[in-house]
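This is upload.cif (mmCIF, C-alpha atoms).
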data_protein
loop_
_atom_site.label_atom_id
_atom_site.label_comp_id
_atom_site.auth_asym_id
_atom_site.auth_seq_id
_atom_site.Cartn_x
_atom_site.Cartn_y
_atom_site.Cartn_z
CA GLY A 1 -0.29 -14.49 -5.53
CA ASP A 2 -2.03 -14.09 -8.84
CA ILE A 3 -3.71 -11.13 -10.49
CA GLY A 4 -7.10 -11.82 -8.88
CA HIS A 5 -5.68 -12.30 -5.38
CA ALA A 6 -6.07 -9.37 -2.95
CA SER A 7 -2.28 -8.91 -3.03
CA GLY A 8 -2.03 -9.15 -6.81
CA ALA A 9 0.85 -10.73 -8.74
CA THR A 10 4.27 -9.47 -7.65
CA LEU A 11 6.15 -7.61 -10.39
CA VAL A 12 8.94 -6.24 -8.17
CA THR A 13 9.61 -7.73 -4.74
CA ASN A 14 9.55 -5.61 -1.59
CA ALA A 15 12.43 -3.20 -1.14
CA SER A 16 14.14 -2.91 2.25
CA SER A 17 12.89 -0.23 4.64
CA ALA A 18 15.68 2.14 3.50
CA TYR A 19 14.26 2.40 -0.04
CA THR A 20 11.17 3.31 -2.00
CA LEU A 21 10.42 2.13 -5.54
CA GLU A 22 9.34 4.68 -8.13
CA PHE A 23 7.16 3.09 -10.82
CA VAL A 24 8.20 4.41 -14.25
CA SER A 25 6.24 2.21 -16.67
CA ALA A 26 5.29 -1.34 -17.57
CA VAL A 27 4.60 -3.17 -20.80
CA ALA A 28 2.25 -6.14 -20.60
CA ILE A 29 2.32 -8.62 -23.46
CA TYR A 30 -0.48 -11.15 -23.72
CA ASP A 31 0.34 -14.10 -25.97
CA PHE A 32 -3.13 -15.44 -26.80
CA ASP A 33 -3.60 -19.19 -27.19
CA THR A 34 -6.82 -21.11 -27.90
CA ALA A 35 -9.50 -19.09 -26.01
CA ALA A 36 -9.87 -15.84 -24.07
CA TYR A 37 -10.01 -15.69 -20.29
CA THR A 38 -13.32 -14.40 -18.92
CA GLY A 39 -14.21 -12.13 -15.99
CA GLY A 40 -11.79 -9.37 -15.08
CA ALA A 41 -14.24 -6.47 -14.58
CA ASN A 42 -12.17 -3.90 -16.52
CA ASP A 43 -9.89 -2.69 -13.72
CA LEU A 44 -6.44 -4.25 -14.02
CA VAL A 45 -3.83 -1.88 -12.50
CA ILE A 46 -0.23 -1.63 -11.36
CA ALA A 47 -0.29 -1.11 -7.57
CA ILE A 48 1.96 -0.40 -4.60
CA GLY A 49 3.03 -3.64 -2.93
CA SER A 50 0.49 -6.24 -1.91
CA GLY A 51 -2.93 -4.66 -1.75
CA GLY A 52 -1.76 -1.04 -1.93
CA ALA A 53 -3.09 1.89 -3.94
CA ALA A 54 -3.14 1.91 -7.74
CA ILE A 55 -0.17 3.71 -9.29
CA SER A 56 -1.17 3.32 -12.94
CA GLY A 57 -4.23 3.89 -15.04
CA VAL A 58 -6.72 1.06 -15.58
CA CYS A 59 -6.52 -1.55 -18.34
CA SER A 60 -9.82 -2.99 -19.57
CA THR A 61 -10.42 -6.72 -19.87
CA ALA A 62 -10.84 -6.49 -23.65
CA ASN A 63 -7.42 -4.86 -24.03
CA LEU A 64 -5.47 -7.66 -22.38
CA LEU A 65 -6.47 -11.01 -20.83
CA GLY A 66 -10.04 -11.00 -22.12
CA ALA A 67 -8.94 -10.46 -25.71
CA ALA A 68 -9.37 -13.05 -28.43
CA GLY A 69 -5.91 -12.34 -29.82
CA ASP A 70 -2.43 -11.12 -28.90
CA LYS A 71 -2.31 -7.75 -27.09
CA ILE A 72 0.35 -5.32 -25.87
CA VAL A 73 -0.50 -2.67 -23.24
CA TYR A 74 1.64 0.19 -21.95
CA PHE A 75 1.05 1.23 -18.31
CA VAL A 76 2.18 4.67 -17.11
CA PRO A 77 1.98 6.32 -13.67
CA LEU A 78 -1.14 8.18 -12.61
CA ALA A 79 -0.71 11.85 -13.42
CA THR A 80 -3.81 13.56 -12.00
CA ALA A 81 -2.34 14.17 -8.53
CA ALA A 82 0.71 13.39 -6.44
CA VAL A 83 0.92 9.69 -5.63
CA PRO A 84 2.06 8.71 -2.11
CA MET A 85 5.07 6.39 -2.02
CA SER A 86 5.84 3.73 0.56
CA VAL A 87 9.15 2.51 1.91
CA GLY A 88 9.87 -1.20 1.95
CA THR A 89 7.16 -2.17 -0.54
CA GLY A 90 7.18 -3.72 -3.98
CA ILE A 91 5.11 -3.29 -7.14
CA SER A 92 2.26 -5.60 -8.16
CA LEU A 93 -0.27 -6.22 -10.93
CA ARG A 94 -3.76 -6.40 -9.48
CA GLY A 95 -7.31 -6.85 -10.73
CA PRO A 96 -10.38 -8.97 -10.21
CA ALA A 97 -10.19 -12.70 -10.76
CA TYR A 98 -10.14 -13.99 -14.31
CA THR A 99 -11.61 -17.38 -15.06
CA ASN A 100 -10.44 -20.00 -17.48
CA PRO A 101 -13.33 -21.28 -19.62
CA GLY A 102 -11.43 -24.57 -19.83
CA THR A 103 -9.33 -23.94 -22.92
CA ALA A 104 -7.62 -20.59 -22.29
CA ALA A 105 -3.86 -21.12 -22.26
CA GLY A 106 -2.42 -17.69 -23.04
CA VAL A 107 0.70 -16.32 -21.35
CA LEU A 108 1.12 -12.85 -19.83
CA ARG A 109 4.58 -11.26 -19.60
CA VAL A 110 5.03 -7.91 -17.83
CA TYR A 111 8.21 -5.86 -18.21
CA THR A 112 8.41 -3.31 -15.40
CA THR A 113 10.65 -0.23 -15.31
CA TYR A 114 11.27 1.36 -11.91
CA ARG A 115 13.81 3.38 -9.92
CA ILE A 116 15.19 2.48 -6.50
CA ILE A 117 15.39 5.58 -4.31
CA THR A 118 17.34 5.71 -1.05
CA THR A 119 15.10 7.57 1.41
CA GLY A 120 17.48 8.21 4.30
CA LEU A 121 14.57 7.61 6.69
#

Please go through the file and, once you have read it, give me the structure as structure tokens.
Amino acid sequence: GDIGHASGATLVTNASSAYTLEFVSAVAIYDFDTAAYTGGANDLVIAIGSGGAAISGVCSTANLLGAAGDKIVYFVPLATAAVPMSVGTGISLRGPAYTNPGTAAGVLRVYTTYRIITTGL
């Protein structure tokens, strides 16, 4: 999938049912080229698996893919309350669909740090 798809773009593939993945952080690097992408609606997040709950804070459109220049964003886990974890799921990057005005050709690279935890379940 891609960022705008309901499942988001996969950053870490699904773990087996004996494991859960603990999201530690991610660094997203947008290498701008020619024109900015449009759309996005200011709610790009790191999420549990395909279509799961957000596990990071929100990144605005202007701070990444909607920018008219190179950008680097640091994602960290949500810290306001305990975050439920799931066994056998991956980690994705999800947000509303971005559109290409015809000349946007930037590249997004996301470096994800996570721990693999054996659950014993």

Inset, instruction - Expand the PyMOL selection byres ((chain A and resi 39-55) around 10) into the individual residues it matches in the shown file, reporting them as a PyMOL selection string. - result: chain A and resi 1+3-15+21-26+36-38+56-66+75-79+83-101+112

Legend entry - Shell around Ile29 in chain A at 7 Å using all atoms listed in the file, local window under 2 positions removed, as a PyMOL selection string: chain A and resi 27+31+71-73+108-110

Inset, instruction - To one decimal in Å, tell me the separation between CA of Thr119 in chain A and CA of Ala81 in chain A. - result: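 That distance, rounded to one decimal, is 21.1 Å.
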
Legend entry - Point-to-point distance in Å for CA of Asp70 in chain A and CA of Ala104 in chain A: 12.7 Å

Inset, instruction - Enter the distance from CA of Ser17 in chain A to CA of Thr118 in chain A, in Å, rounded to one decimal. - result: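 Separation of CA of Ser17 in chain A and CA of Thr118 in chain A: 9.4 Å.
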
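The closest residue to Thr113 in chain A, picked from A:Ala35, A:Ala28, A:Ala68, A:Ala18 and counting all atoms listed in the file, is A:Ala28.
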
Please reconstruct the missing atoms of range 5-20 of chain A (target: N, CA, C and O atoms) and return them as a tab-separated table (two decimals), keeping the file's coordinate frame.
chain	number	residue	atom	x	y	z
A	5	HIS	N	-5.86	-12.24	-6.84
A	5	HIS	CA	-5.68	-12.30	-5.38
A	5	HIS	C	-5.65	-10.88	-4.82
A	5	HIS	O	-5.26	-9.94	-5.52
A	6	ALA	N	-6.05	-10.70	-3.57
A	6	ALA	CA	-6.07	-9.37	-2.95
A	6	ALA	C	-4.71	-8.68	-3.01
A	6	ALA	O	-4.60	-7.47	-3.10
A	7	SER	N	-3.63	-9.47	-2.98
A	7	SER	CA	-2.28	-8.91	-3.03
A	7	SER	C	-1.78	-8.70	-4.45
A	7	SER	O	-0.76	-8.07	-4.66
A	8	GLY	N	-2.47	-9.27	-5.43
A	8	GLY	CA	-2.03	-9.15	-6.81
A	8	GLY	C	-0.84	-10.06	-7.10
A	8	GLY	O	-0.38	-10.81	-6.25
A	9	ALA	N	-0.33	-9.98	-8.32
A	9	ALA	CA	0.85	-10.73	-8.74
A	9	ALA	C	2.06	-9.82	-8.59
A	9	ALA	O	2.07	-8.69	-9.10
A	10	THR	N	3.08	-10.28	-7.90
A	10	THR	CA	4.27	-9.47	-7.65
A	10	THR	C	5.05	-9.25	-8.94
A	10	THR	O	5.41	-10.19	-9.63
A	11	LEU	N	5.30	-7.97	-9.25
A	11	LEU	CA	6.15	-7.61	-10.39
A	11	LEU	C	7.56	-7.28	-9.92
A	11	LEU	O	8.54	-7.62	-10.58
A	12	VAL	N	7.65	-6.59	-8.77
A	12	VAL	CA	8.94	-6.24	-8.17
A	12	VAL	C	8.81	-6.56	-6.67
A	12	VAL	O	7.87	-6.07	-6.03
A	13	THR	N	9.71	-7.36	-6.15
A	13	THR	CA	9.61	-7.73	-4.74
A	13	THR	C	9.83	-6.54	-3.82
A	13	THR	O	10.38	-5.51	-4.23
A	14	ASN	N	9.42	-6.69	-2.57
A	14	ASN	CA	9.55	-5.61	-1.59
A	14	ASN	C	10.98	-5.13	-1.46
A	14	ASN	O	11.91	-5.92	-1.40
A	15	ALA	N	11.13	-3.80	-1.39
A	15	ALA	CA	12.43	-3.20	-1.14
A	15	ALA	C	12.67	-3.23	0.38
A	15	ALA	O	11.74	-3.45	1.14
A	16	SER	N	13.89	-3.00	0.81
A	16	SER	CA	14.14	-2.91	2.25
A	16	SER	C	13.56	-1.59	2.75
A	16	SER	O	13.21	-0.71	1.97
A	17	SER	N	13.51	-1.42	4.06
A	17	SER	CA	12.89	-0.23	4.64
A	17	SER	C	13.69	1.05	4.40
A	17	SER	O	13.23	2.14	4.72
A	18	ALA	N	14.87	0.96	3.80
A	18	ALA	CA	15.68	2.14	3.50
A	18	ALA	C	15.40	2.69	2.10
A	18	ALA	O	15.96	3.70	1.70
A	19	TYR	N	14.50	2.03	1.36
A	19	TYR	CA	14.26	2.40	-0.04
A	19	TYR	C	12.78	2.51	-0.36
A	19	TYR	O	11.94	1.90	0.28
A	20	THR	N	12.49	3.28	-1.39
A	20	THR	CA	11.17	3.31	-2.00
A	20	THR	C	11.36	3.04	-3.49
A	20	THR	O	12.42	3.35	-4.05
